[in-house]
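Enquirer: Let me begin by handing over the structure; questions about it come next.
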Amino acid sequence: MAVNRRGILLGGAGLAALFAVGACGKVEDRQDSGTGGPWSFVDDRKREATAKSTPTNIVAQISAAAALWDLGIKPVGVFGEANGPDDLYGNVDLDAVTWVGKSWGEFDMEKFLDLRPHLLVAPMNTPDQLWYVPEEMADKVAKRCPTVGIKQLSTPVDKVIQRYADLAASLGADLDGPAIADARKAFTAAVDELRAVAEERKDLKVAFVSAAEEFFYWANPDVFSDALLLRDAGINLVQPDVSDEQDRNGAAVSGERSASKNRKLR
């Protein structure tokens with residue numbers, strides 16, 4: 001089940017990328033930062049990441065790296081799923097970055113430290129937990145550099161993109177450049193097109209799923225960022241019954257039950 005939930009989460013992170021710290025106080029053994037004067041950023045844990053100068057050596061979870069890359073901030077290191085869908089990587093030049101972890105639970109501290117990191121950035125799909133940073137290593141990472149977590153679940157994808165834009169701006173990105181302006185315009189046009197389809201096809205019902213061999217993982221639209229955007233645009237997303245599930249992210253449905261539900265939706 002965890003793998004299939006991650007499959008949906010990876011898809012949502014990839015969509016955000018395409019469209020677009022430990023607690024405060026003294027931290028021992030941190031690397032010196034990059035350029036300019038003092039830097040700070042309050043992340044979605046409401047924690048302030050600080051550095052003596054603007055970070056330049058950035059290590060990011062791959063979907064966060066893709067979002068930052070399109071905003072003009074290019075991490076030197078990445079971690080996450082090395083064998084994920086191509087959309088997950090956005091425009092990241094995979095030959096120009098160092099992988100410090102290539103799968104769930106993998107994070108090579110030695111490679112991480114070799115990059116002399118000034119900042120680590122990751123999405124959050126669990127409150128206060130940096131995605132793909134193993135829990136047992138989170139404190140060690142935070143002692144080496146500030147960390148920033150961007151909330152991904154239960155937040156519409158346009159709001160997620162804006163948070164990455166806020167972070168990129170703090171790191172020196174020019175958000176008024178033509179490439180970003182064109183991307184913003186294309187994104188707005190795509191959302192407007194969705195709204196038009198939703199208005200024209202009010203009878204259309206859409207299920208947000210991740211498929212496996214024997215079952216579908218039927219996602220809860222209240223949780224996933226891209227699903228929330230679709231629903232905000234007026235798309236009628238099917239709401240699974242998660243009352244008996246251990247978590248509210250969605251429900252596992254067998255192929256037979258899924259087909260039965262699909263017939264009822266027509």
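So you can find residues: chains in the structure tokens are A, B, ... in the order shown, residues in each start at 1, and ligands are numbered from 1 in order.
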Would you write out, as CSV, a table of all residues in range 27-108 of chain A that have an atom no more than 9 Å from an atom of range 180-187 of chain A, listing for each the closest atom pair and the distance in Å to one decimal, considering only C-alpha atoms and ordering rows by chain and rising residue number?
Expert:
residue,atom,partner,partner_atom,distance
A:Asp70,CA,A:Ile180,CA,7.6
A:Leu71,CA,A:Ile180,CA,6.7
A:Gly72,CA,A:Ile180,CA,8.8
Enquirer: Just asking: which residues within range 66-217 of chain A are helix (DSSP H, G or I) according to DSSP, as a short mmCIF file (atom, residue, chain, number, x, y, z; two decimals) with N, CA, C and O atoms, in the first residue's frame?
Expert:
data_model
loop_
_atom_site.label_atom_id
_atom_site.label_comp_id
_atom_site.auth_asym_id
_atom_site.auth_seq_id
_atom_site.Cartn_x
_atom_site.Cartn_y
_atom_site.Cartn_z
N ALA A 66 13.03 19.78 -9.15
CA ALA A 66 12.44 20.11 -10.45
C ALA A 66 11.70 21.44 -10.38
O ALA A 66 11.77 22.26 -11.31
N ALA A 67 10.97 21.67 -9.29
CA ALA A 67 10.26 22.93 -9.14
C ALA A 67 11.23 24.10 -9.06
O ALA A 67 11.05 25.13 -9.71
N LEU A 68 12.28 23.94 -8.25
CA LEU A 68 13.26 25.02 -8.10
C LEU A 68 14.02 25.26 -9.41
O LEU A 68 14.33 26.41 -9.75
N TRP A 69 14.32 24.18 -10.13
CA TRP A 69 15.08 24.29 -11.38
C TRP A 69 14.36 25.20 -12.37
O TRP A 69 14.97 26.08 -13.00
N ASP A 70 13.06 24.99 -12.51
CA ASP A 70 12.28 25.81 -13.44
C ASP A 70 12.17 27.25 -12.99
O ASP A 70 11.83 28.14 -13.78
N ASP A 86 9.37 10.04 -15.94
CA ASP A 86 10.18 11.15 -16.46
C ASP A 86 9.65 12.50 -16.02
O ASP A 86 10.43 13.44 -15.77
N ASP A 87 8.31 12.63 -15.93
CA ASP A 87 7.73 13.91 -15.53
C ASP A 87 8.20 14.35 -14.16
O ASP A 87 8.22 15.55 -13.85
N LEU A 88 8.58 13.39 -13.33
CA LEU A 88 9.01 13.71 -11.97
C LEU A 88 10.23 14.60 -11.96
O LEU A 88 10.40 15.44 -11.08
N TYR A 89 11.10 14.45 -12.96
CA TYR A 89 12.38 15.17 -12.97
C TYR A 89 12.27 16.54 -13.62
O TYR A 89 13.23 17.33 -13.54
N MET A 109 24.74 9.84 3.63
CA MET A 109 25.23 11.01 4.35
C MET A 109 26.61 11.44 3.87
O MET A 109 26.91 12.65 3.80
N GLU A 110 27.45 10.49 3.50
CA GLU A 110 28.80 10.84 3.03
C GLU A 110 28.73 11.64 1.74
O GLU A 110 29.41 12.67 1.59
N LYS A 111 27.90 11.19 0.79
CA LYS A 111 27.74 11.95 -0.46
C LYS A 111 27.13 13.32 -0.18
O LYS A 111 27.51 14.32 -0.81
N PHE A 112 26.18 13.35 0.73
CA PHE A 112 25.54 14.61 1.11
C PHE A 112 26.57 15.60 1.63
O PHE A 112 26.63 16.76 1.20
N LEU A 113 27.43 15.15 2.53
CA LEU A 113 28.43 16.04 3.12
C LEU A 113 29.49 16.44 2.10
O LEU A 113 30.02 17.56 2.16
N ASP A 114 29.80 15.55 1.17
CA ASP A 114 30.79 15.88 0.13
C ASP A 114 30.36 17.07 -0.71
O ASP A 114 31.20 17.77 -1.29
N GLU A 135 13.65 9.27 8.81
CA GLU A 135 13.43 9.92 10.10
C GLU A 135 14.65 9.84 11.00
O GLU A 135 14.97 10.79 11.72
N GLU A 136 15.34 8.69 10.96
CA GLU A 136 16.48 8.51 11.85
C GLU A 136 17.68 9.38 11.45
O GLU A 136 18.64 9.50 12.21
N MET A 137 17.62 10.00 10.26
CA MET A 137 18.73 10.83 9.80
C MET A 137 18.38 12.31 9.80
O MET A 137 19.24 13.15 9.53
N ALA A 138 17.14 12.65 10.10
CA ALA A 138 16.69 14.04 9.99
C ALA A 138 17.50 14.98 10.89
O ALA A 138 17.89 16.08 10.47
N ASP A 139 17.77 14.56 12.12
CA ASP A 139 18.52 15.42 13.03
C ASP A 139 19.96 15.60 12.56
O ASP A 139 20.53 16.70 12.68
N LYS A 140 20.56 14.54 12.03
CA LYS A 140 21.93 14.64 11.53
C LYS A 140 22.01 15.62 10.37
O LYS A 140 22.95 16.41 10.27
N VAL A 141 21.01 15.55 9.48
CA VAL A 141 20.98 16.47 8.34
C VAL A 141 20.85 17.91 8.83
O VAL A 141 21.56 18.81 8.37
N ALA A 142 19.94 18.13 9.79
CA ALA A 142 19.68 19.49 10.28
C ALA A 142 20.88 20.08 11.00
O ALA A 142 21.00 21.31 11.10
N LYS A 143 21.78 19.23 11.50
CA LYS A 143 22.99 19.73 12.15
C LYS A 143 24.03 20.20 11.13
O LYS A 143 24.95 20.94 11.47
N ARG A 144 23.87 19.75 9.90
CA ARG A 144 24.84 20.09 8.85
C ARG A 144 24.43 21.30 8.03
O ARG A 144 25.29 22.00 7.49
N VAL A 157 -2.28 22.62 -5.85
CA VAL A 157 -0.95 22.64 -6.46
C VAL A 157 -0.49 24.05 -6.81
O VAL A 157 0.70 24.35 -6.76
N ASP A 158 -1.42 24.95 -7.13
CA ASP A 158 -0.99 26.32 -7.42
C ASP A 158 -0.42 27.00 -6.18
O ASP A 158 0.52 27.81 -6.27
N LYS A 159 -0.95 26.64 -5.01
CA LYS A 159 -0.40 27.18 -3.76
C LYS A 159 0.97 26.56 -3.46
O LYS A 159 1.86 27.24 -2.93
N VAL A 160 1.13 25.28 -3.80
CA VAL A 160 2.44 24.62 -3.62
C VAL A 160 3.48 25.30 -4.50
O VAL A 160 4.59 25.62 -4.06
N ILE A 161 3.11 25.55 -5.75
CA ILE A 161 4.02 26.23 -6.68
C ILE A 161 4.42 27.60 -6.13
O ILE A 161 5.59 27.99 -6.19
N GLN A 162 3.44 28.32 -5.58
CA GLN A 162 3.74 29.65 -5.05
C GLN A 162 4.74 29.59 -3.91
O GLN A 162 5.62 30.45 -3.78
N ARG A 163 4.65 28.54 -3.08
CA ARG A 163 5.60 28.42 -1.97
C ARG A 163 7.02 28.16 -2.50
O ARG A 163 8.00 28.69 -1.96
N TYR A 164 7.12 27.35 -3.56
CA TYR A 164 8.44 27.16 -4.16
C TYR A 164 8.94 28.47 -4.79
O TYR A 164 10.14 28.77 -4.74
N ALA A 165 8.01 29.23 -5.36
CA ALA A 165 8.40 30.53 -5.92
C ALA A 165 8.89 31.47 -4.82
O ALA A 165 9.88 32.19 -5.01
N ASP A 166 8.22 31.46 -3.68
CA ASP A 166 8.66 32.28 -2.55
C ASP A 166 10.07 31.89 -2.12
O ASP A 166 10.92 32.76 -1.86
N LEU A 167 10.31 30.58 -2.04
CA LEU A 167 11.63 30.10 -1.65
C LEU A 167 12.68 30.49 -2.68
O LEU A 167 13.76 30.98 -2.34
N ALA A 168 12.35 30.28 -3.96
CA ALA A 168 13.30 30.62 -5.03
C ALA A 168 13.64 32.10 -5.01
O ALA A 168 14.80 32.49 -5.20
N ALA A 169 12.63 32.94 -4.78
CA ALA A 169 12.88 34.38 -4.73
C ALA A 169 13.84 34.72 -3.59
O ALA A 169 14.74 35.56 -3.74
N SER A 170 13.67 34.05 -2.46
CA SER A 170 14.56 34.31 -1.33
C SER A 170 15.99 33.89 -1.63
O SER A 170 16.95 34.41 -1.05
N PRO A 178 11.26 36.28 -18.55
CA PRO A 178 10.30 35.85 -19.58
C PRO A 178 9.92 34.38 -19.51
O PRO A 178 8.76 34.03 -19.76
N ALA A 179 10.86 33.50 -19.17
CA ALA A 179 10.55 32.07 -19.13
C ALA A 179 9.51 31.77 -18.06
O ALA A 179 8.54 31.02 -18.28
N ILE A 180 9.69 32.36 -16.88
CA ILE A 180 8.74 32.12 -15.79
C ILE A 180 7.41 32.79 -16.10
O ILE A 180 6.33 32.23 -15.82
N ALA A 181 7.45 33.98 -16.69
CA ALA A 181 6.21 34.66 -17.07
C ALA A 181 5.42 33.83 -18.08
O ALA A 181 4.19 33.70 -17.97
N ASP A 182 6.12 33.24 -19.05
CA ASP A 182 5.45 32.40 -20.05
C ASP A 182 4.86 31.15 -19.40
O ASP A 182 3.75 30.72 -19.75
N ALA A 183 5.61 30.55 -18.47
CA ALA A 183 5.11 29.35 -17.79
C ALA A 183 3.87 29.68 -16.96
O ALA A 183 2.91 28.91 -16.93
N ARG A 184 3.90 30.83 -16.30
CA ARG A 184 2.75 31.24 -15.49
C ARG A 184 1.52 31.45 -16.38
O ARG A 184 0.41 31.05 -16.04
N LYS A 185 1.75 32.06 -17.54
CA LYS A 185 0.66 32.31 -18.48
C LYS A 185 0.09 30.98 -19.00
O LYS A 185 -1.14 30.81 -19.10
N ALA A 186 0.97 30.03 -19.32
CA ALA A 186 0.52 28.73 -19.82
C ALA A 186 -0.26 27.97 -18.74
O ALA A 186 -1.26 27.31 -19.04
N PHE A 187 0.20 28.07 -17.50
CA PHE A 187 -0.49 27.40 -16.40
C PHE A 187 -1.89 27.98 -16.22
O PHE A 187 -2.87 27.24 -16.09
N THR A 188 -1.98 29.30 -16.24
CA THR A 188 -3.28 29.96 -16.08
C THR A 188 -4.23 29.56 -17.21
O THR A 188 -5.42 29.30 -16.98
N ALA A 189 -3.69 29.49 -18.42
CA ALA A 189 -4.52 29.09 -19.57
C ALA A 189 -5.01 27.66 -19.42
O ALA A 189 -6.17 27.35 -19.76
N ALA A 190 -4.15 26.77 -18.91
CA ALA A 190 -4.54 25.38 -18.72
C ALA A 190 -5.66 25.26 -17.68
O ALA A 190 -6.61 24.49 -17.85
N VAL A 191 -5.55 26.03 -16.60
CA VAL A 191 -6.59 26.00 -15.56
C VAL A 191 -7.89 26.56 -16.12
O VAL A 191 -8.98 26.02 -15.86
N ASP A 192 -7.80 27.62 -16.91
CA ASP A 192 -9.01 28.19 -17.52
C ASP A 192 -9.68 27.17 -18.45
O ASP A 192 -10.91 27.09 -18.51
N GLU A 193 -8.86 26.39 -19.16
CA GLU A 193 -9.42 25.36 -20.04
C GLU A 193 -10.13 24.28 -19.22
O GLU A 193 -11.20 23.79 -19.61
N LEU A 194 -9.54 23.92 -18.09
CA LEU A 194 -10.19 22.96 -17.20
C LEU A 194 -11.54 23.48 -16.73
O LEU A 194 -12.53 22.75 -16.68
N ARG A 195 -11.57 24.74 -16.36
CA ARG A 195 -12.83 25.34 -15.89
C ARG A 195 -13.89 25.29 -17.00
O ARG A 195 -15.07 25.02 -16.72
N ALA A 196 -13.46 25.54 -18.22
CA ALA A 196 -14.40 25.51 -19.34
C ALA A 196 -14.96 24.10 -19.56
O ALA A 196 -16.16 23.92 -19.80
N VAL A 197 -14.07 23.10 -19.47
CA VAL A 197 -14.51 21.71 -19.61
C VAL A 197 -15.47 21.34 -18.49
O VAL A 197 -16.51 20.70 -18.72
N ALA A 198 -15.14 21.75 -17.27
CA ALA A 198 -15.99 21.43 -16.13
C ALA A 198 -17.37 22.06 -16.28
O ALA A 198 -18.40 21.45 -15.94
N GLU A 199 -17.41 23.27 -16.81
CA GLU A 199 -18.69 23.95 -17.00
C GLU A 199 -19.51 23.28 -18.09
O GLU A 199 -20.73 23.14 -17.98
N GLU A 200 -18.82 22.82 -19.13
CA GLU A 200 -19.50 22.19 -20.26
C GLU A 200 -19.95 20.77 -19.94
O GLU A 200 -20.99 20.32 -20.41
#
Enquirer: Excluding range 124-130 of chain A and its own-chain neighbours fewer than 4 positions away, which residues fall within 8 Å of it when counting only C-alpha atoms? Please give them as a list in words.
Expert: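 Once the nearby chain positions are removed, what remains is Arg45, Glu135, Ala138, Gly149, Ile150, Lys151, Gln152 and Leu153 of chain A.
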Enquirer: Please, which residues of range 86-189 of chain A, numbered as in this document, come out strand (DSSP E) from DSSP, as a PyMOL selection string?
Expert: chain A and resi 98-101+119-124+147-151
Enquirer: Kindly save the residues from that selection, with all heavy atoms included, as a short mmCIF file (atom, residue, chain, number, x, y, z; two decimals), in the first residue's frame.
Expert:
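See selection09.cif below for the written result:
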data_model
loop_
_atom_site.label_atom_id
_atom_site.label_comp_id
_atom_site.auth_asym_id
_atom_site.auth_seq_id
_atom_site.Cartn_x
_atom_site.Cartn_y
_atom_site.Cartn_z
N THR A 98 24.26 15.37 -8.30
CA THR A 98 24.71 14.16 -7.60
C THR A 98 23.54 13.58 -6.83
O THR A 98 22.87 14.29 -6.07
CB THR A 98 25.85 14.50 -6.62
OG1 THR A 98 26.97 14.99 -7.35
CG2 THR A 98 26.27 13.26 -5.84
N TRP A 99 23.29 12.28 -7.02
CA TRP A 99 22.23 11.60 -6.27
C TRP A 99 22.79 11.19 -4.91
O TRP A 99 23.79 10.48 -4.83
CB TRP A 99 21.75 10.36 -7.02
CG TRP A 99 20.89 10.66 -8.20
CD1 TRP A 99 21.29 10.89 -9.48
CD2 TRP A 99 19.46 10.75 -8.22
NE1 TRP A 99 20.21 11.13 -10.30
CE2 TRP A 99 19.07 11.04 -9.55
CE3 TRP A 99 18.47 10.61 -7.25
CZ2 TRP A 99 17.73 11.20 -9.92
CZ3 TRP A 99 17.14 10.76 -7.62
CH2 TRP A 99 16.78 11.06 -8.94
N VAL A 100 22.12 11.62 -3.85
CA VAL A 100 22.53 11.18 -2.51
C VAL A 100 21.57 10.12 -1.97
O VAL A 100 21.77 9.60 -0.87
CB VAL A 100 22.62 12.37 -1.53
CG1 VAL A 100 23.63 13.39 -2.04
CG2 VAL A 100 21.27 13.03 -1.32
N GLY A 101 20.55 9.80 -2.74
CA GLY A 101 19.60 8.74 -2.40
C GLY A 101 18.74 8.48 -3.61
O GLY A 101 18.24 9.42 -4.22
N LEU A 119 21.90 24.11 2.15
CA LEU A 119 20.46 24.04 2.39
C LEU A 119 19.92 22.73 1.82
O LEU A 119 20.35 22.29 0.75
CB LEU A 119 19.76 25.22 1.70
CG LEU A 119 18.22 25.25 1.73
CD1 LEU A 119 17.72 25.49 3.16
CD2 LEU A 119 17.69 26.33 0.79
N LEU A 120 18.97 22.11 2.54
CA LEU A 120 18.23 20.96 2.02
C LEU A 120 16.76 21.34 1.93
O LEU A 120 16.20 21.95 2.85
CB LEU A 120 18.40 19.75 2.93
CG LEU A 120 17.65 18.48 2.48
CD1 LEU A 120 18.50 17.23 2.69
CD2 LEU A 120 16.30 18.33 3.21
N VAL A 121 16.14 20.97 0.80
CA VAL A 121 14.73 21.29 0.55
C VAL A 121 13.98 20.00 0.22
O VAL A 121 14.46 19.18 -0.58
CB VAL A 121 14.57 22.28 -0.62
CG1 VAL A 121 13.10 22.62 -0.83
CG2 VAL A 121 15.38 23.55 -0.37
N ALA A 122 12.81 19.83 0.82
CA ALA A 122 12.00 18.65 0.53
C ALA A 122 10.52 18.98 0.71
O ALA A 122 10.17 19.82 1.53
CB ALA A 122 12.39 17.48 1.43
N PRO A 123 9.66 18.30 -0.06
CA PRO A 123 8.22 18.41 0.20
C PRO A 123 7.89 17.73 1.52
O PRO A 123 8.71 16.98 2.07
CB PRO A 123 7.58 17.65 -0.97
CG PRO A 123 8.68 17.37 -1.94
CD PRO A 123 9.95 17.37 -1.16
N MET A 124 6.68 17.96 2.01
CA MET A 124 6.19 17.27 3.20
C MET A 124 4.84 16.65 2.88
O MET A 124 3.91 17.35 2.49
CB MET A 124 6.06 18.22 4.38
CG MET A 124 7.36 18.78 4.88
SD MET A 124 7.16 19.75 6.40
CE MET A 124 6.01 21.02 5.85
N THR A 147 17.25 23.30 6.85
CA THR A 147 16.35 22.53 6.00
C THR A 147 15.03 23.28 5.84
O THR A 147 14.61 24.01 6.73
CB THR A 147 16.06 21.13 6.59
OG1 THR A 147 15.36 21.26 7.83
CG2 THR A 147 17.35 20.36 6.81
N VAL A 148 14.40 23.09 4.69
CA VAL A 148 13.12 23.72 4.39
C VAL A 148 12.14 22.65 3.95
O VAL A 148 12.45 21.83 3.07
CB VAL A 148 13.27 24.79 3.28
CG1 VAL A 148 11.91 25.16 2.69
CG2 VAL A 148 13.94 26.04 3.84
N GLY A 149 10.96 22.64 4.55
CA GLY A 149 9.90 21.72 4.16
C GLY A 149 8.74 22.49 3.54
O GLY A 149 8.28 23.49 4.09
N ILE A 150 8.28 22.03 2.38
CA ILE A 150 7.15 22.65 1.69
C ILE A 150 5.97 21.68 1.74
O ILE A 150 6.06 20.55 1.26
CB ILE A 150 7.49 22.98 0.22
CG1 ILE A 150 8.68 23.93 0.14
CG2 ILE A 150 6.27 23.57 -0.49
CD1 ILE A 150 8.45 25.29 0.75
N LYS A 151 4.87 22.12 2.33
CA LYS A 151 3.70 21.26 2.47
C LYS A 151 3.12 20.93 1.11
O LYS A 151 2.91 21.82 0.28
CB LYS A 151 2.64 21.96 3.33
CG LYS A 151 1.41 21.09 3.59
CD LYS A 151 0.38 21.86 4.41
CE LYS A 151 -0.88 21.02 4.63
NZ LYS A 151 -1.93 21.79 5.34
#
Enquirer: I'd like the contact shell of Phe79 in chain A - 10 Å cut-off, only C-alpha atoms, skipping same-chain residues fewer than 4 positions apart - returned as JSON, numbers by chain.
Expert: {"A": [59, 60, 61, 62, 63, 64, 65, 97, 98, 99, 100, 101, 102, 103, 104, 106, 107, 108, 112, 122, 131, 132, 133]}
Enquirer: With N, CA and C atoms kept, could you save the residues just selected as an mmCIF file, in the first residue's frame?
Expert:
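Result file is again.cif:
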data_model
loop_
_atom_site.group_PDB
_atom_site.id
_atom_site.type_symbol
_atom_site.label_atom_id
_atom_site.label_comp_id
_atom_site.auth_asym_id
_atom_site.auth_seq_id
_atom_site.Cartn_x
_atom_site.Cartn_y
_atom_site.Cartn_z
ATOM 1 N N VAL A 59 20.714 20.945 -1.820
ATOM 2 C CA VAL A 59 20.357 19.548 -2.060
ATOM 3 C C VAL A 59 18.848 19.445 -1.873
ATOM 4 N N ALA A 60 18.158 18.822 -2.831
ATOM 5 C CA ALA A 60 16.696 18.811 -2.782
ATOM 6 C C ALA A 60 16.133 17.461 -3.195
ATOM 7 N N GLN A 61 15.022 17.088 -2.585
ATOM 8 C CA GLN A 61 14.270 15.930 -3.054
ATOM 9 C C GLN A 61 13.911 16.197 -4.516
ATOM 10 N N ILE A 62 13.897 15.172 -5.352
ATOM 11 C CA ILE A 62 13.895 15.368 -6.801
ATOM 12 C C ILE A 62 12.711 16.188 -7.302
ATOM 13 N N SER A 63 11.526 16.024 -6.740
ATOM 14 C CA SER A 63 10.396 16.834 -7.203
ATOM 15 C C SER A 63 10.557 18.287 -6.779
ATOM 16 N N ALA A 64 11.114 18.516 -5.586
ATOM 17 C CA ALA A 64 11.414 19.881 -5.156
ATOM 18 C C ALA A 64 12.501 20.480 -6.039
ATOM 19 N N ALA A 65 13.487 19.659 -6.396
ATOM 20 C CA ALA A 65 14.560 20.123 -7.278
ATOM 21 C C ALA A 65 13.999 20.550 -8.630
ATOM 22 N N VAL A 97 23.788 16.797 -11.586
ATOM 23 C CA VAL A 97 23.512 16.708 -10.151
ATOM 24 C C VAL A 97 24.046 15.391 -9.600
ATOM 25 N N THR A 98 24.262 15.374 -8.297
ATOM 26 C CA THR A 98 24.708 14.165 -7.601
ATOM 27 C C THR A 98 23.537 13.577 -6.826
ATOM 28 N N TRP A 99 23.288 12.284 -7.025
ATOM 29 C CA TRP A 99 22.234 11.602 -6.273
ATOM 30 C C TRP A 99 22.790 11.190 -4.912
ATOM 31 N N VAL A 100 22.125 11.615 -3.845
ATOM 32 C CA VAL A 100 22.528 11.178 -2.509
ATOM 33 C C VAL A 100 21.571 10.117 -1.966
ATOM 34 N N GLY A 101 20.547 9.803 -2.740
ATOM 35 C CA GLY A 101 19.603 8.744 -2.401
ATOM 36 C C GLY A 101 18.736 8.480 -3.606
ATOM 37 N N LYS A 102 18.578 7.199 -3.978
ATOM 38 C CA LYS A 102 17.874 6.873 -5.218
ATOM 39 C C LYS A 102 16.587 6.092 -5.001
ATOM 40 N N SER A 103 16.203 5.870 -3.752
ATOM 41 C CA SER A 103 14.962 5.148 -3.482
ATOM 42 C C SER A 103 14.510 5.457 -2.061
ATOM 43 N N TRP A 104 13.306 4.992 -1.730
ATOM 44 C CA TRP A 104 12.735 5.234 -0.406
ATOM 45 C C TRP A 104 13.631 4.626 0.672
ATOM 46 N N GLU A 106 16.704 5.499 1.354
ATOM 47 C CA GLU A 106 18.127 5.607 1.035
ATOM 48 C C GLU A 106 18.561 7.066 1.083
ATOM 49 N N PHE A 107 19.578 7.351 1.884
ATOM 50 C CA PHE A 107 20.138 8.702 1.961
ATOM 51 C C PHE A 107 21.590 8.552 2.384
ATOM 52 N N ASP A 108 22.506 8.836 1.455
ATOM 53 C CA ASP A 108 23.937 8.636 1.685
ATOM 54 C C ASP A 108 24.521 9.897 2.318
ATOM 55 N N PHE A 112 26.183 13.353 0.730
ATOM 56 C CA PHE A 112 25.539 14.607 1.105
ATOM 57 C C PHE A 112 26.571 15.602 1.632
ATOM 58 N N ALA A 122 12.813 19.832 0.817
ATOM 59 C CA ALA A 122 11.998 18.647 0.525
ATOM 60 C C ALA A 122 10.524 18.976 0.709
ATOM 61 N N TRP A 131 10.073 14.698 3.139
ATOM 62 C CA TRP A 131 9.850 13.508 2.312
ATOM 63 C C TRP A 131 11.169 12.961 1.781
ATOM 64 N N TYR A 132 11.357 11.662 1.959
ATOM 65 C CA TYR A 132 12.534 10.920 1.505
ATOM 66 C C TYR A 132 13.781 11.184 2.345
ATOM 67 N N VAL A 133 13.664 11.957 3.414
ATOM 68 C CA VAL A 133 14.750 12.023 4.395
ATOM 69 C C VAL A 133 14.382 11.040 5.495
#
Enquirer: Find the residues around Thr54 in chain A up to 8 Å (only C-alpha atoms counted), leave out those fewer than 3 positions away in its own chain, and share them as a VMD selection string.
Expert: chain A and resid 33 to 39 51 171 to 172
Enquirer: Mind writing the picked residues with N, CA and C atoms as a tab-separated table (two decimals), in the first residue's frame?
Expert:
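Wrote part.tsv, looks like this:
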chain	number	residue	atom	x	y	z
A	33	SER	N	27.63	29.26	4.25
A	33	SER	CA	26.72	29.41	3.13
A	33	SER	C	27.39	30.10	1.96
A	34	GLY	N	26.56	30.50	0.98
A	34	GLY	CA	27.08	30.94	-0.30
A	34	GLY	C	27.38	32.41	-0.43
A	35	THR	N	26.43	33.20	-0.93
A	35	THR	CA	26.74	34.58	-1.32
A	35	THR	C	25.79	35.55	-0.64
A	36	GLY	N	26.19	36.84	-0.66
A	36	GLY	CA	25.31	37.89	-0.16
A	36	GLY	C	25.27	37.95	1.36
A	37	GLY	N	24.26	38.67	1.85
A	37	GLY	CA	24.12	38.88	3.28
A	37	GLY	C	23.29	37.80	3.94
A	38	PRO	N	22.84	38.05	5.17
A	38	PRO	CA	22.06	37.06	5.92
A	38	PRO	C	20.82	36.62	5.14
A	39	TRP	N	20.48	35.36	5.30
A	39	TRP	CA	19.33	34.77	4.59
A	39	TRP	C	18.42	34.08	5.59
A	51	ALA	N	20.75	31.44	7.53
A	51	ALA	CA	22.15	31.25	7.16
A	51	ALA	C	22.82	32.62	7.12
A	171	LEU	N	16.13	32.93	-2.56
A	171	LEU	CA	17.45	32.42	-2.94
A	171	LEU	C	18.05	33.19	-4.12
A	172	GLY	N	17.34	34.22	-4.58
A	172	GLY	CA	17.89	35.08	-5.62
A	172	GLY	C	17.31	34.91	-7.00
Enquirer: Hey, can you check how far CA of Pro240 in chain A sits from CA of Lys202 in chain A?
Expert: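 If I compute the distance from CA of Pro240 in chain A to CA of Lys202 in chain A, I get 19.1 Å.
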Enquirer: Do you know which residues are at most 7 Å from Asn220 in chain A counting only C-alpha atoms, after dropping those on the same chain fewer than 5 positions away, and could you put them as a VMD selection string?
Expert: chain A and resid 239 to 240 248 to 250
Enquirer: Write the residues of the selection above to a file with N, CA and C atoms, as a CSV table (one decimal), in the first residue's frame.
Expert:
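Below is the file result.csv, written as the result:
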chain,number,residue,atom,x,y,z
A,239,GLN,N,-15.4,10.9,-4.6
A,239,GLN,CA,-14.9,10.9,-3.3
A,239,GLN,C,-15.0,9.4,-2.7
A,240,PRO,N,-13.8,8.8,-2.5
A,240,PRO,CA,-13.9,7.4,-2.0
A,240,PRO,C,-14.3,7.4,-0.5
A,248,ARG,N,-6.4,8.7,5.8
A,248,ARG,CA,-7.4,9.4,5.0
A,248,ARG,C,-7.0,9.7,3.6
A,249,ASN,N,-5.8,9.2,3.2
A,249,ASN,CA,-5.3,9.5,1.8
A,249,ASN,C,-6.1,8.8,0.7
A,250,GLY,N,-6.7,7.7,1.0
A,250,GLY,CA,-7.5,7.0,0.0
A,250,GLY,C,-7.8,5.6,0.4
Enquirer: Tell me, in Å to one decimal, how far CA of Leu115 in chain A is from CA of Cys145 in chain A.
Expert: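 CA of Cys145 in chain A lies at a distance of 11.3 Å from CA of Leu115 in chain A.
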Enquirer: Neighbours of Phe216 in chain A within 6 Å (only C-alpha atoms; same-chain residues fewer than 5 positions away dropped), as a CSV table (one decimal) with N, CA, C and O atoms, in the first residue's frame?
Expert:
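This went into around.csv:
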chain,number,residue,atom,x,y,z
A,210,SER,N,-4.4,5.3,-8.5
A,210,SER,CA,-3.1,4.7,-8.9
A,210,SER,C,-3.4,3.2,-9.0
A,210,SER,O,-3.9,2.6,-8.1
A,211,ALA,N,-3.0,2.6,-10.2
A,211,ALA,CA,-3.4,1.3,-10.5
A,211,ALA,C,-2.2,0.3,-10.2
A,211,ALA,O,-1.1,0.6,-10.4
A,252,ALA,N,-8.0,1.3,-0.9
A,252,ALA,CA,-7.6,0.2,-1.8
A,252,ALA,C,-8.9,-0.5,-2.3
A,252,ALA,O,-9.7,-0.9,-1.4
A,253,VAL,N,-9.1,-0.6,-3.6
A,253,VAL,CA,-10.3,-1.2,-4.1
A,253,VAL,C,-9.8,-2.3,-5.1
A,253,VAL,O,-9.0,-2.0,-6.0
Enquirer: Smallest atom-to-atom distance to Asn91 in chain A: which of A:Pro55, A:Gly105, A:Pro134, A:Pro75, using only C-alpha atoms?
Expert: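 Closest candidate: A:Pro75.
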